[in-house]
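Raw input-v3.txt, compact mmCIF, N, CA and C atoms:
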# COMPACT_ATOMS: atom_id res chain seq x y z
N GLU A 1 154.36 87.02 -14.46
CA GLU A 1 153.38 88.05 -14.79
C GLU A 1 154.13 89.37 -15.00
N TRP A 2 153.91 89.96 -16.15
CA TRP A 2 154.62 91.20 -16.42
C TRP A 2 153.92 92.38 -15.79
N GLN A 3 154.66 93.45 -15.62
CA GLN A 3 154.09 94.65 -15.04
C GLN A 3 154.74 95.88 -15.66
N LEU A 4 154.10 97.00 -15.42
CA LEU A 4 154.60 98.29 -15.88
C LEU A 4 154.95 99.14 -14.67
N VAL A 5 156.09 99.78 -14.71
CA VAL A 5 156.55 100.60 -13.60
C VAL A 5 156.65 102.05 -14.05
N GLU A 6 155.79 102.87 -13.46
CA GLU A 6 155.80 104.30 -13.77
C GLU A 6 156.63 105.05 -12.75
N SER A 7 157.29 106.10 -13.20
CA SER A 7 158.10 106.92 -12.30
C SER A 7 158.24 108.32 -12.87
N GLY A 8 158.77 109.23 -12.08
CA GLY A 8 159.06 110.58 -12.55
C GLY A 8 158.09 111.64 -12.09
N GLY A 9 157.05 111.25 -11.40
CA GLY A 9 156.09 112.22 -10.91
C GLY A 9 156.67 113.07 -9.78
N GLY A 10 155.91 114.05 -9.36
CA GLY A 10 156.35 114.90 -8.27
C GLY A 10 155.44 116.10 -8.14
N SER A 11 155.88 117.04 -7.32
CA SER A 11 155.13 118.28 -7.09
C SER A 11 155.87 119.44 -7.73
N VAL A 12 155.17 120.17 -8.58
CA VAL A 12 155.77 121.32 -9.26
C VAL A 12 154.79 122.49 -9.21
N GLN A 13 155.31 123.65 -9.51
CA GLN A 13 154.46 124.83 -9.60
C GLN A 13 153.95 124.99 -11.03
N VAL A 14 152.94 125.80 -11.16
CA VAL A 14 152.38 126.09 -12.48
C VAL A 14 153.50 126.53 -13.42
N GLY A 15 153.48 125.96 -14.61
CA GLY A 15 154.49 126.28 -15.60
C GLY A 15 155.71 125.38 -15.57
N GLY A 16 155.78 124.53 -14.57
CA GLY A 16 156.91 123.63 -14.45
C GLY A 16 156.84 122.45 -15.40
N SER A 17 157.86 121.61 -15.32
CA SER A 17 157.97 120.45 -16.21
C SER A 17 158.30 119.19 -15.42
N LEU A 18 157.87 118.08 -15.97
CA LEU A 18 158.21 116.76 -15.44
C LEU A 18 158.35 115.81 -16.61
N ARG A 19 159.15 114.79 -16.41
CA ARG A 19 159.29 113.74 -17.41
C ARG A 19 158.96 112.41 -16.76
N LEU A 20 157.88 111.81 -17.21
CA LEU A 20 157.46 110.52 -16.69
C LEU A 20 158.06 109.40 -17.51
N SER A 21 158.31 108.29 -16.84
CA SER A 21 158.82 107.09 -17.51
C SER A 21 157.93 105.91 -17.17
N CYS A 22 157.82 105.02 -18.11
CA CYS A 22 157.08 103.77 -17.89
C CYS A 22 157.91 102.65 -18.50
N THR A 23 158.33 101.72 -17.67
CA THR A 23 159.17 100.62 -18.13
C THR A 23 158.45 99.30 -17.94
N ALA A 24 158.44 98.51 -18.99
CA ALA A 24 157.84 97.18 -18.94
C ALA A 24 158.86 96.20 -18.36
N SER A 25 158.36 95.24 -17.56
CA SER A 25 159.25 94.30 -16.90
C SER A 25 159.76 93.22 -17.84
N VAL A 26 159.13 93.12 -19.03
CA VAL A 26 159.58 92.18 -20.04
C VAL A 26 159.63 92.91 -21.37
N THR A 27 160.22 92.29 -22.35
CA THR A 27 160.28 92.89 -23.67
C THR A 27 158.86 93.11 -24.19
N PHE A 28 158.60 94.33 -24.59
CA PHE A 28 157.24 94.69 -24.99
C PHE A 28 157.31 95.77 -26.04
N ASP A 29 156.39 95.72 -26.97
CA ASP A 29 156.31 96.75 -28.01
C ASP A 29 155.84 98.05 -27.36
N THR A 30 156.76 98.94 -27.10
CA THR A 30 156.43 100.16 -26.37
C THR A 30 155.49 101.07 -27.14
N SER A 31 155.38 100.89 -28.46
CA SER A 31 154.42 101.70 -29.21
C SER A 31 152.99 101.34 -28.87
N GLN A 32 152.80 100.24 -28.16
CA GLN A 32 151.47 99.83 -27.72
C GLN A 32 151.08 100.45 -26.38
N LEU A 33 152.00 101.18 -25.78
CA LEU A 33 151.73 101.77 -24.47
C LEU A 33 151.26 103.20 -24.59
N GLY A 34 150.20 103.50 -23.90
CA GLY A 34 149.71 104.86 -23.84
C GLY A 34 149.76 105.38 -22.42
N TRP A 35 149.64 106.69 -22.29
CA TRP A 35 149.60 107.32 -20.98
C TRP A 35 148.16 107.72 -20.64
N TYR A 36 147.79 107.43 -19.41
CA TYR A 36 146.47 107.76 -18.90
C TYR A 36 146.63 108.50 -17.58
N ARG A 37 145.57 109.14 -17.14
CA ARG A 37 145.62 109.79 -15.83
C ARG A 37 144.26 109.74 -15.18
N GLN A 38 144.31 109.81 -13.86
CA GLN A 38 143.06 109.79 -13.09
C GLN A 38 143.20 110.75 -11.92
N ALA A 39 142.37 111.76 -11.92
CA ALA A 39 142.31 112.71 -10.82
C ALA A 39 141.26 112.25 -9.82
N PRO A 40 141.37 112.66 -8.56
CA PRO A 40 140.38 112.25 -7.55
C PRO A 40 138.97 112.60 -7.98
N GLY A 41 138.09 111.60 -7.91
CA GLY A 41 136.70 111.81 -8.28
C GLY A 41 136.42 111.77 -9.76
N ASN A 42 137.47 111.62 -10.55
CA ASN A 42 137.30 111.59 -12.01
C ASN A 42 137.56 110.20 -12.56
N GLU A 43 137.10 110.00 -13.77
CA GLU A 43 137.37 108.73 -14.44
C GLU A 43 138.77 108.74 -15.04
N CYS A 44 139.22 107.55 -15.33
CA CYS A 44 140.50 107.40 -16.01
C CYS A 44 140.37 107.95 -17.42
N GLU A 45 141.34 108.77 -17.84
CA GLU A 45 141.27 109.34 -19.18
C GLU A 45 142.58 109.17 -19.92
N LEU A 46 142.44 109.00 -21.21
CA LEU A 46 143.62 108.90 -22.09
C LEU A 46 144.30 110.26 -22.17
N VAL A 47 145.63 110.24 -22.12
CA VAL A 47 146.41 111.47 -22.28
C VAL A 47 147.11 111.47 -23.63
N SER A 48 147.80 110.36 -23.92
CA SER A 48 148.57 110.31 -25.16
C SER A 48 148.90 108.86 -25.50
N TYR A 49 149.06 108.59 -26.77
CA TYR A 49 149.52 107.28 -27.21
C TYR A 49 150.14 107.42 -28.59
N ILE A 50 150.80 106.35 -28.99
CA ILE A 50 151.42 106.32 -30.31
C ILE A 50 150.56 105.45 -31.21
N ARG A 51 150.04 106.04 -32.25
CA ARG A 51 149.13 105.30 -33.13
C ARG A 51 149.88 104.23 -33.92
N SER A 52 149.13 103.37 -34.55
CA SER A 52 149.72 102.28 -35.33
C SER A 52 150.53 102.79 -36.50
N ASP A 53 150.25 104.03 -36.95
CA ASP A 53 151.04 104.59 -38.05
C ASP A 53 152.31 105.28 -37.54
N GLY A 54 152.54 105.20 -36.21
CA GLY A 54 153.74 105.77 -35.62
C GLY A 54 153.61 107.20 -35.16
N ALA A 55 152.50 107.83 -35.48
CA ALA A 55 152.31 109.21 -35.06
C ALA A 55 151.75 109.26 -33.64
N ALA A 56 152.11 110.30 -32.92
CA ALA A 56 151.61 110.47 -31.56
C ALA A 56 150.27 111.18 -31.58
N ASP A 57 149.44 110.83 -30.65
CA ASP A 57 148.14 111.48 -30.52
C ASP A 57 147.97 111.96 -29.08
N TYR A 58 147.29 113.08 -28.92
CA TYR A 58 147.12 113.69 -27.61
C TYR A 58 145.70 114.18 -27.44
N VAL A 59 145.25 114.17 -26.19
CA VAL A 59 143.97 114.80 -25.94
C VAL A 59 144.17 116.31 -26.03
N ASP A 60 143.11 117.01 -26.37
CA ASP A 60 143.22 118.44 -26.63
C ASP A 60 143.85 119.25 -25.49
N PRO A 61 143.50 118.98 -24.22
CA PRO A 61 144.04 119.83 -23.15
C PRO A 61 145.57 119.78 -23.02
N VAL A 62 146.23 118.77 -23.58
CA VAL A 62 147.68 118.66 -23.40
C VAL A 62 148.44 118.90 -24.70
N LYS A 63 147.74 119.09 -25.79
CA LYS A 63 148.42 119.32 -27.07
C LYS A 63 149.31 120.55 -26.99
N GLY A 64 150.51 120.38 -27.52
CA GLY A 64 151.46 121.48 -27.49
C GLY A 64 152.25 121.59 -26.21
N ARG A 65 151.87 120.83 -25.20
CA ARG A 65 152.56 120.88 -23.91
C ARG A 65 153.22 119.55 -23.56
N PHE A 66 152.60 118.44 -23.95
CA PHE A 66 153.11 117.11 -23.61
C PHE A 66 153.67 116.45 -24.86
N THR A 67 154.69 115.61 -24.67
CA THR A 67 155.28 114.86 -25.77
C THR A 67 155.54 113.44 -25.32
N ILE A 68 155.02 112.49 -26.08
CA ILE A 68 155.26 111.08 -25.81
C ILE A 68 156.42 110.60 -26.68
N SER A 69 157.25 109.74 -26.10
CA SER A 69 158.35 109.17 -26.87
C SER A 69 158.64 107.78 -26.32
N GLN A 70 159.50 107.06 -27.00
CA GLN A 70 159.79 105.70 -26.56
C GLN A 70 161.25 105.36 -26.81
N ASP A 71 161.75 104.44 -26.01
CA ASP A 71 163.08 103.87 -26.21
C ASP A 71 162.89 102.35 -26.18
N ARG A 72 162.80 101.78 -27.36
CA ARG A 72 162.52 100.35 -27.44
C ARG A 72 163.61 99.52 -26.78
N SER A 73 164.83 99.97 -26.85
CA SER A 73 165.93 99.19 -26.27
C SER A 73 165.81 99.09 -24.75
N LYS A 74 165.07 100.02 -24.15
CA LYS A 74 164.89 100.02 -22.70
C LYS A 74 163.47 99.62 -22.29
N ASN A 75 162.66 99.20 -23.27
CA ASN A 75 161.26 98.85 -22.98
C ASN A 75 160.55 99.97 -22.24
N THR A 76 160.85 101.19 -22.62
CA THR A 76 160.37 102.35 -21.87
C THR A 76 159.67 103.35 -22.78
N VAL A 77 158.59 103.90 -22.28
CA VAL A 77 157.89 104.99 -22.94
C VAL A 77 157.91 106.18 -21.98
N TYR A 78 158.05 107.37 -22.54
CA TYR A 78 158.18 108.58 -21.74
C TYR A 78 157.03 109.55 -22.03
N LEU A 79 156.81 110.43 -21.09
CA LEU A 79 155.88 111.52 -21.30
C LEU A 79 156.53 112.79 -20.76
N GLN A 80 156.97 113.64 -21.65
CA GLN A 80 157.53 114.93 -21.27
C GLN A 80 156.38 115.91 -21.12
N MET A 81 156.27 116.50 -19.94
CA MET A 81 155.16 117.40 -19.65
C MET A 81 155.72 118.79 -19.34
N ASN A 82 155.36 119.74 -20.16
CA ASN A 82 155.80 121.12 -19.98
C ASN A 82 154.61 122.02 -19.72
N SER A 83 154.88 123.21 -19.24
CA SER A 83 153.83 124.21 -18.98
C SER A 83 152.68 123.60 -18.19
N LEU A 84 153.04 122.94 -17.12
CA LEU A 84 152.03 122.22 -16.33
C LEU A 84 151.04 123.16 -15.69
N ARG A 85 149.82 122.67 -15.59
CA ARG A 85 148.70 123.45 -15.02
C ARG A 85 148.10 122.69 -13.85
N PRO A 86 147.40 123.36 -12.96
CA PRO A 86 146.77 122.66 -11.84
C PRO A 86 145.84 121.53 -12.29
N GLU A 87 145.19 121.70 -13.42
CA GLU A 87 144.27 120.65 -13.91
C GLU A 87 145.00 119.42 -14.42
N ASP A 88 146.32 119.47 -14.49
CA ASP A 88 147.09 118.28 -14.85
C ASP A 88 147.34 117.39 -13.64
N THR A 89 146.99 117.87 -12.46
CA THR A 89 147.18 117.08 -11.25
C THR A 89 146.38 115.79 -11.32
N ALA A 90 147.07 114.67 -11.15
CA ALA A 90 146.44 113.35 -11.25
C ALA A 90 147.50 112.29 -10.99
N VAL A 91 147.04 111.06 -10.88
CA VAL A 91 147.96 109.92 -10.92
C VAL A 91 148.05 109.49 -12.38
N TYR A 92 149.26 109.37 -12.87
CA TYR A 92 149.50 109.01 -14.26
C TYR A 92 149.90 107.55 -14.36
N TYR A 93 149.30 106.88 -15.31
CA TYR A 93 149.54 105.46 -15.55
C TYR A 93 149.88 105.23 -17.01
N CYS A 94 150.60 104.16 -17.26
CA CYS A 94 150.73 103.71 -18.64
C CYS A 94 150.04 102.36 -18.75
N ALA A 95 149.58 102.07 -19.92
CA ALA A 95 148.84 100.83 -20.15
C ALA A 95 148.81 100.54 -21.64
N PRO A 96 148.63 99.28 -22.01
CA PRO A 96 148.46 98.94 -23.42
C PRO A 96 147.17 99.56 -23.96
N TRP A 97 147.28 100.47 -24.90
CA TRP A 97 146.10 101.24 -25.31
C TRP A 97 145.11 100.42 -26.11
N SER A 98 145.55 99.33 -26.72
CA SER A 98 144.64 98.54 -27.54
C SER A 98 143.98 97.41 -26.78
N TRP A 99 144.37 97.18 -25.54
CA TRP A 99 143.81 96.08 -24.75
C TRP A 99 142.58 96.59 -24.02
N SER A 100 141.50 96.73 -24.72
CA SER A 100 140.31 97.39 -24.17
C SER A 100 139.58 96.56 -23.12
N ASP A 101 139.88 95.28 -23.02
CA ASP A 101 139.22 94.44 -22.02
C ASP A 101 139.81 94.62 -20.63
N PHE A 102 140.88 95.38 -20.53
CA PHE A 102 141.54 95.56 -19.24
C PHE A 102 141.48 97.03 -18.83
N PRO A 103 141.49 97.26 -17.51
CA PRO A 103 141.51 98.66 -17.06
C PRO A 103 142.79 99.35 -17.50
N ARG A 104 142.72 100.64 -17.71
CA ARG A 104 143.91 101.41 -18.09
C ARG A 104 144.57 102.06 -16.87
N CYS A 105 143.82 102.36 -15.86
CA CYS A 105 144.36 103.00 -14.66
C CYS A 105 144.36 102.03 -13.49
N ASN A 106 145.41 102.15 -12.67
CA ASN A 106 145.48 101.40 -11.42
C ASN A 106 145.35 99.90 -11.63
N TYR A 107 145.99 99.42 -12.66
CA TYR A 107 145.92 97.97 -12.92
C TYR A 107 147.27 97.38 -13.24
N TRP A 108 147.94 97.88 -14.26
CA TRP A 108 149.23 97.33 -14.69
C TRP A 108 150.39 97.81 -13.83
N GLY A 109 150.26 98.97 -13.25
CA GLY A 109 151.31 99.52 -12.41
C GLY A 109 150.72 100.39 -11.31
N GLN A 110 151.61 100.91 -10.47
CA GLN A 110 151.13 101.68 -9.32
C GLN A 110 150.85 103.14 -9.66
N GLY A 111 151.31 103.55 -10.84
CA GLY A 111 151.12 104.94 -11.24
C GLY A 111 152.13 105.86 -10.59
N THR A 112 152.15 107.09 -11.04
CA THR A 112 153.03 108.10 -10.47
C THR A 112 152.23 109.39 -10.30
N GLN A 113 152.32 109.97 -9.12
CA GLN A 113 151.51 111.14 -8.78
C GLN A 113 152.15 112.41 -9.32
N VAL A 114 151.34 113.21 -9.98
CA VAL A 114 151.76 114.53 -10.44
C VAL A 114 150.86 115.56 -9.77
N THR A 115 151.49 116.50 -9.08
CA THR A 115 150.75 117.56 -8.39
C THR A 115 151.27 118.91 -8.86
N VAL A 116 150.38 119.73 -9.37
CA VAL A 116 150.75 121.06 -9.87
C VAL A 116 150.04 122.10 -9.02
N SER A 117 150.81 122.95 -8.40
CA SER A 117 150.23 123.95 -7.51
C SER A 117 150.45 125.35 -8.07
N SER A 118 149.51 126.21 -7.75
CA SER A 118 149.60 127.60 -8.25
C SER A 118 150.22 128.51 -7.20

If you convert what's in this file into structure tokens, what do you get?
Amino acid sequence: EWQLVESGGGSVQVGGSLRLSCTASVTFDTSQLGWYRQAPGNECELVSYIRSDGAADYVDPVKGRFTISQDRSKNTVYLQMNSLRPEDTAVYYCAPWSWSDFPRCNYWGQGTQVTVSS
């Protein structure tokens, strides 16, 4: 059974940066992986993914601050997060964005906690 391992989270102050990584345990098309997040009391929400045309897409609150990238040779997708805000605090997960029959948060991996303090 394959799994996704997220890492790179931590505690930073407002305006700080973090780089998250998500590595698949088996060879996997990393362009199929998107980043999601879930804050306490909130639903799981999409943050970013790479569309089928190869372009990256982002939810409005993170546009201009977050960048998704991939390294196919390492089965890894990254999320560079800059200018972090308190509202970015959440557990971040990666998941296959097109597999709509499966949960996106707290299912494929353990997630990585991001905490932004003012």

Write out as a PDB file with N, CA and C atoms, in the coordinates of the input which residues come within 6.5 Å of A:Gln113 when counting all atoms listed in the file, dropping same-chain ones fewer than 6 positions away.
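This is the output file part_16.pdb:
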ATOM      1  N   GLY A   9     157.050 111.250 -11.400  1.00  0.00           N
ATOM      2  CA  GLY A   9     156.090 112.220 -10.910  1.00  0.00           C
ATOM      3  C   GLY A   9     156.670 113.070  -9.780  1.00  0.00           C
ATOM      4  N   GLY A  10     155.910 114.050  -9.360  1.00  0.00           N
ATOM      5  CA  GLY A  10     156.350 114.900  -8.270  1.00  0.00           C
ATOM      6  C   GLY A  10     155.440 116.100  -8.140  1.00  0.00           C
ATOM      7  N   SER A  11     155.880 117.040  -7.320  1.00  0.00           N
ATOM      8  CA  SER A  11     155.130 118.280  -7.090  1.00  0.00           C
ATOM      9  C   SER A  11     155.870 119.440  -7.730  1.00  0.00           C
ATOM     10  N   ALA A  90     147.070 114.670 -11.150  1.00  0.00           N
ATOM     11  CA  ALA A  90     146.440 113.350 -11.250  1.00  0.00           C
ATOM     12  C   ALA A  90     147.500 112.290 -10.990  1.00  0.00           C
ATOM     13  N   VAL A  91     147.040 111.060 -10.880  1.00  0.00           N
ATOM     14  CA  VAL A  91     147.960 109.920 -10.920  1.00  0.00           C
ATOM     15  C   VAL A  91     148.050 109.490 -12.380  1.00  0.00           C
ATOM     16  N   TYR A  92     149.260 109.370 -12.870  1.00  0.00           N
ATOM     17  CA  TYR A  92     149.500 109.010 -14.260  1.00  0.00           C
ATOM     18  C   TYR A  92     149.900 107.550 -14.360  1.00  0.00           C
TER      19      TYR A  92
END

Worksheet entry | Among the residues A:Cys22, A:Leu33, A:Val47, A:Leu79, the one that comes closest to A:Lys63 [using all atoms listed in the file] |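 Among A:Cys22, A:Leu33, A:Val47, A:Leu79, it is A:Val47 that comes nearest to A:Lys63.
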
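Using only N, CA and C atoms, the smallest distance between any of A:Ser7, A:Gln32, A:Ser73, A:Ser48 and A:Leu20 comes from A:Ser7.
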
Practice prompt. Give the answer as one residue: which of A:Asn42, A:Gln80, A:Ser98, A:Thr89 has the shortest atom-to-atom distance to A:Thr30, using only C-alpha atoms?
Written response: A:Ser98

Item to complete: Point out the residue among A:Glu45, A:Asp53, A:Glu6, A:Asp71 with the least atom-to-atom distance to A:Val114, counting only C-alpha atoms.
Response: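 Once distances to A:Val114 are computed over only C-alpha atoms, the minimum belongs to A:Glu6.
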
Worksheet entry | Nearest to A:Gln110 by atom-to-atom distance, counting all atoms listed in the file, from A:Ser17, A:Asp88, A:Tyr93, A:Pro61 |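 Looking only at the distances to A:Gln110, the closest residue turns out to be A:Tyr93.
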
Worksheet item: Could you name the residues that touch A:Tyr49 at 8 Å or less, counting only C-alpha atoms, but leaving out those on the same chain fewer than 4 positions away, as a PyMOL selection string?
Response: chain A and resi 31-35+56-58+68+97

Based on the backbone DSSP call, show me all residues of stretch 1-105 of chain A assigned strand (DSSP E or B), as a compact mmCIF listing (two decimals) with N, CA and C atoms, keeping the file's coordinate frame.
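Output below, filename part-v8.txt:
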# COMPACT_ATOMS: atom_id res chain seq x y z
N LEU A 4 154.10 97.00 -15.42
CA LEU A 4 154.60 98.29 -15.88
C LEU A 4 154.95 99.14 -14.67
N VAL A 5 156.09 99.78 -14.71
CA VAL A 5 156.55 100.60 -13.60
C VAL A 5 156.65 102.05 -14.05
N GLU A 6 155.79 102.87 -13.46
CA GLU A 6 155.80 104.30 -13.77
C GLU A 6 156.63 105.05 -12.75
N SER A 7 157.29 106.10 -13.20
CA SER A 7 158.10 106.92 -12.30
C SER A 7 158.24 108.32 -12.87
N GLY A 10 155.91 114.05 -9.36
CA GLY A 10 156.35 114.90 -8.27
C GLY A 10 155.44 116.10 -8.14
N SER A 11 155.88 117.04 -7.32
CA SER A 11 155.13 118.28 -7.09
C SER A 11 155.87 119.44 -7.73
N VAL A 12 155.17 120.17 -8.58
CA VAL A 12 155.77 121.32 -9.26
C VAL A 12 154.79 122.49 -9.21
N GLN A 13 155.31 123.65 -9.51
CA GLN A 13 154.46 124.83 -9.60
C GLN A 13 153.95 124.99 -11.03
N LEU A 18 157.87 118.08 -15.97
CA LEU A 18 158.21 116.76 -15.44
C LEU A 18 158.35 115.81 -16.61
N ARG A 19 159.15 114.79 -16.41
CA ARG A 19 159.29 113.74 -17.41
C ARG A 19 158.96 112.41 -16.76
N LEU A 20 157.88 111.81 -17.21
CA LEU A 20 157.46 110.52 -16.69
C LEU A 20 158.06 109.40 -17.51
N SER A 21 158.31 108.29 -16.84
CA SER A 21 158.82 107.09 -17.51
C SER A 21 157.93 105.91 -17.17
N CYS A 22 157.82 105.02 -18.11
CA CYS A 22 157.08 103.77 -17.89
C CYS A 22 157.91 102.65 -18.50
N THR A 23 158.33 101.72 -17.67
CA THR A 23 159.17 100.62 -18.13
C THR A 23 158.45 99.30 -17.94
N ALA A 24 158.44 98.51 -18.99
CA ALA A 24 157.84 97.18 -18.94
C ALA A 24 158.86 96.20 -18.36
N LEU A 33 152.00 101.18 -25.78
CA LEU A 33 151.73 101.77 -24.47
C LEU A 33 151.26 103.20 -24.59
N GLY A 34 150.20 103.50 -23.90
CA GLY A 34 149.71 104.86 -23.84
C GLY A 34 149.76 105.38 -22.42
N TRP A 35 149.64 106.69 -22.29
CA TRP A 35 149.60 107.32 -20.98
C TRP A 35 148.16 107.72 -20.64
N TYR A 36 147.79 107.43 -19.41
CA TYR A 36 146.47 107.76 -18.90
C TYR A 36 146.63 108.50 -17.58
N ARG A 37 145.57 109.14 -17.14
CA ARG A 37 145.62 109.79 -15.83
C ARG A 37 144.26 109.74 -15.18
N GLN A 38 144.31 109.81 -13.86
CA GLN A 38 143.06 109.79 -13.09
C GLN A 38 143.20 110.75 -11.92
N GLU A 45 141.34 108.77 -17.84
CA GLU A 45 141.27 109.34 -19.18
C GLU A 45 142.58 109.17 -19.92
N LEU A 46 142.44 109.00 -21.21
CA LEU A 46 143.62 108.90 -22.09
C LEU A 46 144.30 110.26 -22.17
N VAL A 47 145.63 110.24 -22.12
CA VAL A 47 146.41 111.47 -22.28
C VAL A 47 147.11 111.47 -23.63
N SER A 48 147.80 110.36 -23.92
CA SER A 48 148.57 110.31 -25.16
C SER A 48 148.90 108.86 -25.50
N TYR A 49 149.06 108.59 -26.77
CA TYR A 49 149.52 107.28 -27.21
C TYR A 49 150.14 107.42 -28.59
N ILE A 50 150.80 106.35 -28.99
CA ILE A 50 151.42 106.32 -30.31
C ILE A 50 150.56 105.45 -31.21
N ALA A 56 152.11 110.30 -32.92
CA ALA A 56 151.61 110.47 -31.56
C ALA A 56 150.27 111.18 -31.58
N ASP A 57 149.44 110.83 -30.65
CA ASP A 57 148.14 111.48 -30.52
C ASP A 57 147.97 111.96 -29.08
N TYR A 58 147.29 113.08 -28.92
CA TYR A 58 147.12 113.69 -27.61
C TYR A 58 145.70 114.18 -27.44
N PHE A 66 152.60 118.44 -23.95
CA PHE A 66 153.11 117.11 -23.61
C PHE A 66 153.67 116.45 -24.86
N THR A 67 154.69 115.61 -24.67
CA THR A 67 155.28 114.86 -25.77
C THR A 67 155.54 113.44 -25.32
N ILE A 68 155.02 112.49 -26.08
CA ILE A 68 155.26 111.08 -25.81
C ILE A 68 156.42 110.60 -26.68
N SER A 69 157.25 109.74 -26.10
CA SER A 69 158.35 109.17 -26.87
C SER A 69 158.64 107.78 -26.32
N GLN A 70 159.50 107.06 -27.00
CA GLN A 70 159.79 105.70 -26.56
C GLN A 70 161.25 105.36 -26.81
N ASP A 71 161.75 104.44 -26.01
CA ASP A 71 163.08 103.87 -26.21
C ASP A 71 162.89 102.35 -26.18
N THR A 76 160.85 101.19 -22.62
CA THR A 76 160.37 102.35 -21.87
C THR A 76 159.67 103.35 -22.78
N VAL A 77 158.59 103.90 -22.28
CA VAL A 77 157.89 104.99 -22.94
C VAL A 77 157.91 106.18 -21.98
N TYR A 78 158.05 107.37 -22.54
CA TYR A 78 158.18 108.58 -21.74
C TYR A 78 157.03 109.55 -22.03
N LEU A 79 156.81 110.43 -21.09
CA LEU A 79 155.88 111.52 -21.30
C LEU A 79 156.53 112.79 -20.76
N GLN A 80 156.97 113.64 -21.65
CA GLN A 80 157.53 114.93 -21.27
C GLN A 80 156.38 115.91 -21.12
N MET A 81 156.27 116.50 -19.94
CA MET A 81 155.16 117.40 -19.65
C MET A 81 155.72 118.79 -19.34
N ALA A 90 147.07 114.67 -11.15
CA ALA A 90 146.44 113.35 -11.25
C ALA A 90 147.50 112.29 -10.99
N VAL A 91 147.04 111.06 -10.88
CA VAL A 91 147.96 109.92 -10.92
C VAL A 91 148.05 109.49 -12.38
N TYR A 92 149.26 109.37 -12.87
CA TYR A 92 149.50 109.01 -14.26
C TYR A 92 149.90 107.55 -14.36
N TYR A 93 149.30 106.88 -15.31
CA TYR A 93 149.54 105.46 -15.55
C TYR A 93 149.88 105.23 -17.01
N CYS A 94 150.60 104.16 -17.26
CA CYS A 94 150.73 103.71 -18.64
C CYS A 94 150.04 102.36 -18.75
N ALA A 95 149.58 102.07 -19.92
CA ALA A 95 148.84 100.83 -20.15
C ALA A 95 148.81 100.54 -21.64
N PRO A 96 148.63 99.28 -22.01
CA PRO A 96 148.46 98.94 -23.42
C PRO A 96 147.17 99.56 -23.96

Discussion item. Give me, as a list in words, all polymer residues having an atom no more than 7 Å from A:Leu4, counting all atoms listed in the file and skipping those fewer than 4 positions away in the same chain.
Written reply: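 Neighbouring residues, sequence-local ones excluded: Cys22, Thr23, Ala24, Ser25, Cys94, Trp108, Gly109, Gln110 and Gly111 of chain A.
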
Fill in: A:Trp99, A:Tyr107, A:Tyr78, A:Phe28 ranked by distance to A:Phe66, top pick (using only C-alpha atoms)
A:Tyr78
